Amino acid sequence: MVTKVETHISSVSWGAIFAGSVIACGISIVMMQFGSAIGLSQDSPFEGEANLAAWSVIATGIWVLWIQLLASLAGGYAAGYMRTPALSASEHENEMHDGLHGFAVWALSTIGVFIVVSLAAFAANYITIAAGTYEPPGDMSDTEQNTAIIYAFVMGATSLLSAVAAWWAATMGGDHRIKGTDFSHALSFKKR
């Protein structure tokens, strides 16, 4: 008598998710460095002009949107492309798995960035307090409060938009993987 043994193979490719997250975080870090360099070089000539302060917030918001979208697209695409497809799954099921891998890349990257930023803020506050240079924050004006609220809302909306971008890019990566799309004419360093 032969007994049937059922085995379950996970359809989650953690390696693809981690690789996509590393790609997304790497792109974010490099692009933030560029943004910081641009912002620092333009700071001093415009001091004291209120109009330029509003444009600075808008420019920062657009730059963060661009960074998050670019990083989410690249990380999601990589995860979708590198994911091991389930051979017994339908086309739609594979597409959903690819999309979920892209979403996992976005989530893991977002959590990683949150942890790093939180640790950096903690370290900065600790150093400031230890050095004796801590000054409690003063009252914010209505304009500053409104700007902070708008900025927080825009960052949340940007984050959600980048989640959708990661999902879409992962489904495109999976589709290119399944169809065997050849990008060697554009993405190869070898002469053809």
# chains A, B, ... in the order shown; residues from 1 in each chain; ligands from 1
>>> residues_around(residues="range 60-65 of chain A", least_positions_apart="5", cutoff="10 Å", atoms="only C-alpha atoms", output="PDB file with N, CA and C atoms, in the first residue's frame")
ATOM      1  N   SER A  28      17.428  54.671  -2.520  1.00  0.00           N
ATOM      2  CA  SER A  28      16.952  55.755  -1.640  1.00  0.00           C
ATOM      3  C   SER A  28      18.116  56.508  -1.006  1.00  0.00           C
ATOM      4  N   MET A  31      19.995  58.626  -3.704  1.00  0.00           N
ATOM      5  CA  MET A  31      19.195  59.769  -4.146  1.00  0.00           C
ATOM      6  C   MET A  31      19.029  60.802  -3.026  1.00  0.00           C
ATOM      7  N   MET A  32      18.931  60.361  -1.787  1.00  0.00           N
ATOM      8  CA  MET A  32      18.848  61.310  -0.668  1.00  0.00           C
ATOM      9  C   MET A  32      20.158  62.088  -0.525  1.00  0.00           C
ATOM     10  N   GLY A  35      19.999  64.739  -3.097  1.00  0.00           N
ATOM     11  CA  GLY A  35      19.053  65.770  -2.654  1.00  0.00           C
ATOM     12  C   GLY A  35      19.630  66.638  -1.546  1.00  0.00           C
ATOM     13  N   SER A  36      20.350  66.021  -0.630  1.00  0.00           N
ATOM     14  CA  SER A  36      20.973  66.791   0.451  1.00  0.00           C
ATOM     15  C   SER A  36      22.025  67.736  -0.097  1.00  0.00           C
ATOM     16  N   GLY A  39      20.204  70.592  -1.767  1.00  0.00           N
ATOM     17  CA  GLY A  39      19.562  71.448  -0.760  1.00  0.00           C
ATOM     18  C   GLY A  39      20.558  72.276   0.023  1.00  0.00           C
ATOM     19  N   ALA A  54       8.316  78.107   1.336  1.00  0.00           N
ATOM     20  CA  ALA A  54       7.199  77.290   0.849  1.00  0.00           C
ATOM     21  C   ALA A  54       7.642  76.460  -0.351  1.00  0.00           C
ATOM     22  N   TRP A  55       8.410  77.066  -1.253  1.00  0.00           N
ATOM     23  CA  TRP A  55       8.900  76.326  -2.410  1.00  0.00           C
ATOM     24  C   TRP A  55       9.873  75.235  -1.991  1.00  0.00           C
ATOM     25  N   LEU A  70      10.936  55.747  -7.509  1.00  0.00           N
ATOM     26  CA  LEU A  70      12.057  55.115  -8.206  1.00  0.00           C
ATOM     27  C   LEU A  70      12.552  53.888  -7.447  1.00  0.00           C
ATOM     28  N   ALA A  71      12.735  54.032  -6.150  1.00  0.00           N
ATOM     29  CA  ALA A  71      13.221  52.915  -5.333  1.00  0.00           C
ATOM     30  C   ALA A  71      12.201  51.778  -5.295  1.00  0.00           C
ATOM     31  N   TYR A 151       2.848  68.349   5.145  1.00  0.00           N
ATOM     32  CA  TYR A 151       4.034  67.556   4.814  1.00  0.00           C
ATOM     33  C   TYR A 151       3.840  66.099   5.243  1.00  0.00           C
ATOM     34  N   ALA A 152       3.306  65.885   6.461  1.00  0.00           N
ATOM     35  CA  ALA A 152       3.060  64.522   6.950  1.00  0.00           C
ATOM     36  C   ALA A 152       2.041  63.801   6.072  1.00  0.00           C
ATOM     37  N   VAL A 154       1.350  64.425   2.880  1.00  0.00           N
ATOM     38  CA  VAL A 154       1.970  64.164   1.578  1.00  0.00           C
ATOM     39  C   VAL A 154       2.936  62.984   1.676  1.00  0.00           C
ATOM     40  N   MET A 155       3.692  62.885   2.761  1.00  0.00           N
ATOM     41  CA  MET A 155       4.617  61.762   2.923  1.00  0.00           C
ATOM     42  C   MET A 155       3.847  60.443   3.041  1.00  0.00           C
ATOM     43  N   ALA A 157       0.794  59.816   1.798  1.00  0.00           N
ATOM     44  CA  ALA A 157       0.223  59.543   0.474  1.00  0.00           C
ATOM     45  C   ALA A 157       1.306  59.060  -0.485  1.00  0.00           C
ATOM     46  N   THR A 158       2.486  59.653  -0.404  1.00  0.00           N
ATOM     47  CA  THR A 158       3.611  59.236  -1.241  1.00  0.00           C
ATOM     48  C   THR A 158       3.998  57.801  -0.937  1.00  0.00           C
ATOM     49  N   SER A 159       4.001  57.454   0.326  1.00  0.00           N
ATOM     50  CA  SER A 159       4.344  56.096   0.726  1.00  0.00           C
ATOM     51  C   SER A 159       3.341  55.091   0.178  1.00  0.00           C
ATOM     52  N   LEU A 161       1.442  55.509  -2.465  1.00  0.00           N
ATOM     53  CA  LEU A 161       1.626  55.491  -3.911  1.00  0.00           C
ATOM     54  C   LEU A 161       2.826  54.628  -4.295  1.00  0.00           C
ATOM     55  N   SER A 162       3.878  54.685  -3.497  1.00  0.00           N
ATOM     56  CA  SER A 162       5.051  53.865  -3.794  1.00  0.00           C
ATOM     57  C   SER A 162       4.768  52.386  -3.541  1.00  0.00           C
TER      58      SER A 162
END
>>> residues_around(residues="range 81-84 of chain A", least_positions_apart="2", cutoff="10 Å", atoms="only C-alpha atoms", output="compact mmCIF listing (two decimals) with N, CA and C atoms, in the first residue's frame")
# COMPACT_ATOMS: atom_id res chain seq x y z
N SER A 11 5.55 29.53 -1.33
CA SER A 11 5.60 30.32 -2.57
C SER A 11 6.18 31.71 -2.30
N VAL A 12 6.74 31.90 -1.11
CA VAL A 12 7.38 33.17 -0.78
C VAL A 12 8.88 33.03 -1.01
N SER A 13 9.40 33.86 -1.87
CA SER A 13 10.83 33.87 -2.16
C SER A 13 11.48 34.99 -1.34
N TRP A 14 11.90 34.64 -0.12
CA TRP A 14 12.46 35.65 0.77
C TRP A 14 13.73 36.26 0.20
N GLY A 15 14.50 35.47 -0.52
CA GLY A 15 15.72 36.00 -1.14
C GLY A 15 15.41 37.13 -2.11
N ALA A 16 14.36 36.93 -2.91
CA ALA A 16 13.95 37.97 -3.86
C ALA A 16 13.45 39.21 -3.13
N ILE A 17 12.72 39.00 -2.05
CA ILE A 17 12.20 40.13 -1.26
C ILE A 17 13.35 40.92 -0.64
N ALA A 19 16.51 40.96 -1.59
CA ALA A 19 17.30 41.59 -2.66
C ALA A 19 16.59 42.86 -3.16
N GLY A 20 15.29 42.78 -3.39
CA GLY A 20 14.54 43.96 -3.82
C GLY A 20 14.58 45.07 -2.78
N GLY A 75 13.03 48.11 -6.77
CA GLY A 75 13.00 46.99 -5.82
C GLY A 75 11.88 46.01 -6.13
N GLY A 76 10.70 46.53 -6.45
CA GLY A 76 9.57 45.67 -6.78
C GLY A 76 9.84 44.87 -8.04
N TYR A 77 10.37 45.52 -9.07
CA TYR A 77 10.67 44.84 -10.32
C TYR A 77 11.67 43.70 -10.08
N ALA A 78 12.71 44.00 -9.32
CA ALA A 78 13.73 42.97 -9.04
C ALA A 78 13.12 41.78 -8.31
N ALA A 79 12.29 42.04 -7.33
CA ALA A 79 11.67 40.94 -6.57
C ALA A 79 10.75 40.11 -7.46
N ALA A 86 5.42 29.65 -9.07
CA ALA A 86 4.78 28.38 -8.73
C ALA A 86 4.31 27.75 -10.03
N LEU A 87 4.87 26.61 -10.38
CA LEU A 87 4.58 25.97 -11.66
C LEU A 87 3.12 25.54 -11.78
N ASN A 94 0.06 33.59 -10.23
CA ASN A 94 1.46 34.01 -10.29
C ASN A 94 1.58 35.53 -10.28
N HIS A 97 1.11 36.63 -6.75
CA HIS A 97 2.31 36.34 -5.96
C HIS A 97 3.41 37.35 -6.25
N ASP A 98 3.59 37.67 -7.54
CA ASP A 98 4.59 38.68 -7.91
C ASP A 98 4.26 40.02 -7.24
N HIS A 101 5.00 40.05 -3.62
CA HIS A 101 6.44 40.15 -3.37
C HIS A 101 6.89 41.61 -3.49
N GLY A 102 6.36 42.33 -4.47
CA GLY A 102 6.66 43.76 -4.59
C GLY A 102 6.18 44.53 -3.37
N ALA A 169 5.34 47.14 -10.43
CA ALA A 169 6.65 46.81 -10.98
C ALA A 169 6.96 45.33 -10.79
N ALA A 170 6.55 44.76 -9.66
CA ALA A 170 6.79 43.33 -9.43
C ALA A 170 6.00 42.48 -10.41
N THR A 171 4.78 42.89 -10.72
CA THR A 171 4.00 42.13 -11.71
C THR A 171 4.63 42.25 -13.10
N MET A 172 5.21 43.41 -13.41
CA MET A 172 5.91 43.57 -14.69
C MET A 172 7.18 42.71 -14.71
N GLY A 173 7.91 42.69 -13.61
CA GLY A 173 9.11 41.85 -13.52
C GLY A 173 8.77 40.38 -13.69
N GLY A 174 7.69 39.94 -13.03
CA GLY A 174 7.26 38.55 -13.18
C GLY A 174 6.81 38.24 -14.59
N ASP A 175 6.12 39.17 -15.22
CA ASP A 175 5.66 38.99 -16.59
C ASP A 175 6.85 38.88 -17.53
N HIS A 176 7.85 39.73 -17.33
CA HIS A 176 9.05 39.68 -18.17
C HIS A 176 9.81 38.37 -17.94
N ARG A 177 9.82 37.89 -16.70
CA ARG A 177 10.49 36.63 -16.38
C ARG A 177 9.79 35.48 -17.11
N ILE A 178 8.46 35.43 -17.03
CA ILE A 178 7.69 34.34 -17.64
C ILE A 178 7.81 34.37 -19.16
>>> atom_distance(atom1="CA of Ala124 in chain A", atom2="CA of Ala59 in chain A")
25.5 Å
>>> select_by_dssp(residues="range 31-184 of chain A", states="helix (DSSP H, G or I)", output="CSV table (one decimal) with C-alpha atoms, in the first residue's frame")
chain,number,residue,atom,x,y,z
A,31,MET,CA,19.2,59.8,-4.1
A,32,MET,CA,18.8,61.3,-0.7
A,33,GLN,CA,22.6,62.1,-0.8
A,34,PHE,CA,22.1,63.9,-4.1
A,35,GLY,CA,19.1,65.8,-2.7
A,36,SER,CA,21.0,66.8,0.5
A,37,ALA,CA,23.8,68.1,-1.6
A,38,ILE,CA,21.4,70.1,-3.8
A,39,GLY,CA,19.6,71.4,-0.8
A,40,LEU,CA,22.7,72.4,1.1
A,41,SER,CA,24.2,74.3,-1.8
A,44,SER,CA,22.4,80.2,2.1
A,45,PRO,CA,21.6,82.5,-0.8
A,46,PHE,CA,17.8,82.4,0.0
A,50,ALA,CA,9.3,83.3,3.2
A,51,ASN,CA,8.2,82.6,-0.4
A,52,LEU,CA,11.2,80.4,-0.9
A,53,ALA,CA,10.5,78.5,2.3
A,54,ALA,CA,7.2,77.3,0.8
A,55,TRP,CA,8.9,76.3,-2.4
A,56,SER,CA,11.5,74.5,-0.4
A,57,VAL,CA,8.8,72.3,1.2
A,58,ILE,CA,7.2,71.7,-2.2
A,59,ALA,CA,10.6,70.8,-3.8
A,60,THR,CA,11.4,68.5,-0.9
A,61,GLY,CA,8.0,66.7,-1.3
A,62,ILE,CA,8.5,66.2,-5.0
A,63,TRP,CA,12.0,64.9,-4.5
A,64,VAL,CA,10.9,62.5,-1.8
A,65,LEU,CA,8.0,61.3,-4.1
A,66,TRP,CA,10.5,60.8,-6.9
A,67,ILE,CA,12.9,58.9,-4.6
A,68,GLN,CA,10.2,56.6,-3.2
A,69,LEU,CA,8.7,55.9,-6.6
A,70,LEU,CA,12.1,55.1,-8.2
A,71,ALA,CA,13.2,52.9,-5.3
A,72,SER,CA,9.9,51.1,-5.1
A,73,LEU,CA,9.8,50.5,-8.9
A,74,ALA,CA,13.3,49.1,-9.0
A,75,GLY,CA,13.0,47.0,-5.8
A,76,GLY,CA,9.6,45.7,-6.8
A,77,TYR,CA,10.7,44.8,-10.3
A,78,ALA,CA,13.7,43.0,-9.0
A,79,ALA,CA,11.7,40.9,-6.6
A,80,GLY,CA,9.1,40.1,-9.2
A,81,TYR,CA,11.7,39.1,-11.7
A,82,MET,CA,13.8,37.0,-9.3
A,91,GLU,CA,-1.3,33.1,-14.6
A,92,HIS,CA,-3.4,35.3,-12.3
A,93,GLU,CA,-2.1,33.5,-9.2
A,94,ASN,CA,1.5,34.0,-10.3
A,95,GLU,CA,0.7,37.7,-11.0
A,96,MET,CA,-0.8,38.0,-7.4
A,97,HIS,CA,2.3,36.3,-6.0
A,98,ASP,CA,4.6,38.7,-7.9
A,99,GLY,CA,2.6,41.7,-6.7
A,100,LEU,CA,2.7,40.5,-3.1
A,101,HIS,CA,6.4,40.2,-3.4
A,102,GLY,CA,6.7,43.8,-4.6
A,103,PHE,CA,4.4,44.9,-1.7
A,104,ALA,CA,6.7,42.9,0.7
A,105,VAL,CA,9.7,44.7,-0.7
A,106,TRP,CA,8.0,48.1,-0.1
A,107,ALA,CA,6.9,47.1,3.5
A,108,LEU,CA,10.4,45.7,4.4
A,109,SER,CA,12.1,48.8,3.0
A,110,THR,CA,9.7,51.1,4.8
A,111,ILE,CA,10.2,49.3,8.1
A,112,GLY,CA,14.0,49.4,7.6
A,113,VAL,CA,14.0,53.1,6.9
A,114,PHE,CA,11.8,53.8,9.9
A,115,ILE,CA,14.1,51.8,12.2
A,116,VAL,CA,17.3,53.6,10.9
A,117,VAL,CA,15.7,57.0,11.1
A,118,SER,CA,14.4,56.4,14.6
A,119,LEU,CA,17.9,55.2,15.8
A,120,ALA,CA,19.5,58.2,14.2
A,121,ALA,CA,17.1,60.6,15.9
A,122,PHE,CA,17.6,58.8,19.2
A,123,ALA,CA,21.4,59.0,18.8
A,124,ALA,CA,21.2,62.7,17.9
A,125,ASN,CA,19.0,63.5,20.9
A,126,TYR,CA,21.2,61.5,23.2
A,127,ILE,CA,24.3,63.4,22.0
A,128,THR,CA,22.6,66.7,22.3
A,129,ILE,CA,21.4,66.0,25.8
A,130,ALA,CA,24.8,64.6,26.9
A,131,ALA,CA,26.6,67.7,25.5
A,142,ASP,CA,0.0,78.3,12.8
A,143,THR,CA,1.9,78.3,9.5
A,144,GLU,CA,4.5,75.9,10.8
A,145,GLN,CA,1.8,73.6,12.2
A,146,ASN,CA,-0.1,73.6,8.9
A,147,THR,CA,3.1,73.0,6.9
A,148,ALA,CA,4.0,70.1,9.2
A,149,ILE,CA,0.5,68.6,8.8
A,150,ILE,CA,0.5,69.0,5.0
A,151,TYR,CA,4.0,67.6,4.8
A,152,ALA,CA,3.1,64.5,6.9
A,153,PHE,CA,0.0,63.9,4.8
A,154,VAL,CA,2.0,64.2,1.6
A,155,MET,CA,4.6,61.8,2.9
A,156,GLY,CA,1.9,59.2,3.9
A,157,ALA,CA,0.2,59.5,0.5
A,158,THR,CA,3.6,59.2,-1.2
A,159,SER,CA,4.3,56.1,0.7
A,160,LEU,CA,1.0,54.5,-0.3
A,161,LEU,CA,1.6,55.5,-3.9
A,162,SER,CA,5.1,53.9,-3.8
A,163,ALA,CA,3.4,50.7,-2.4
A,164,VAL,CA,1.2,50.6,-5.5
A,165,ALA,CA,4.3,51.2,-7.7
A,166,ALA,CA,6.2,48.3,-6.1
A,167,TRP,CA,3.2,46.0,-6.7
A,168,TRP,CA,2.9,47.0,-10.3
A,169,ALA,CA,6.7,46.8,-11.0
A,170,ALA,CA,6.8,43.3,-9.4
A,171,THR,CA,4.0,42.1,-11.7
A,172,MET,CA,5.9,43.6,-14.7
A,173,GLY,CA,9.1,41.9,-13.5
A,174,GLY,CA,7.3,38.5,-13.2
A,175,ASP,CA,5.7,39.0,-16.6
A,176,HIS,CA,9.1,39.7,-18.2
A,177,ARG,CA,10.5,36.6,-16.4
A,178,ILE,CA,7.7,34.3,-17.6
A,179,LYS,CA,7.8,35.7,-21.2
A,184,SER,CA,20.3,42.5,-23.6
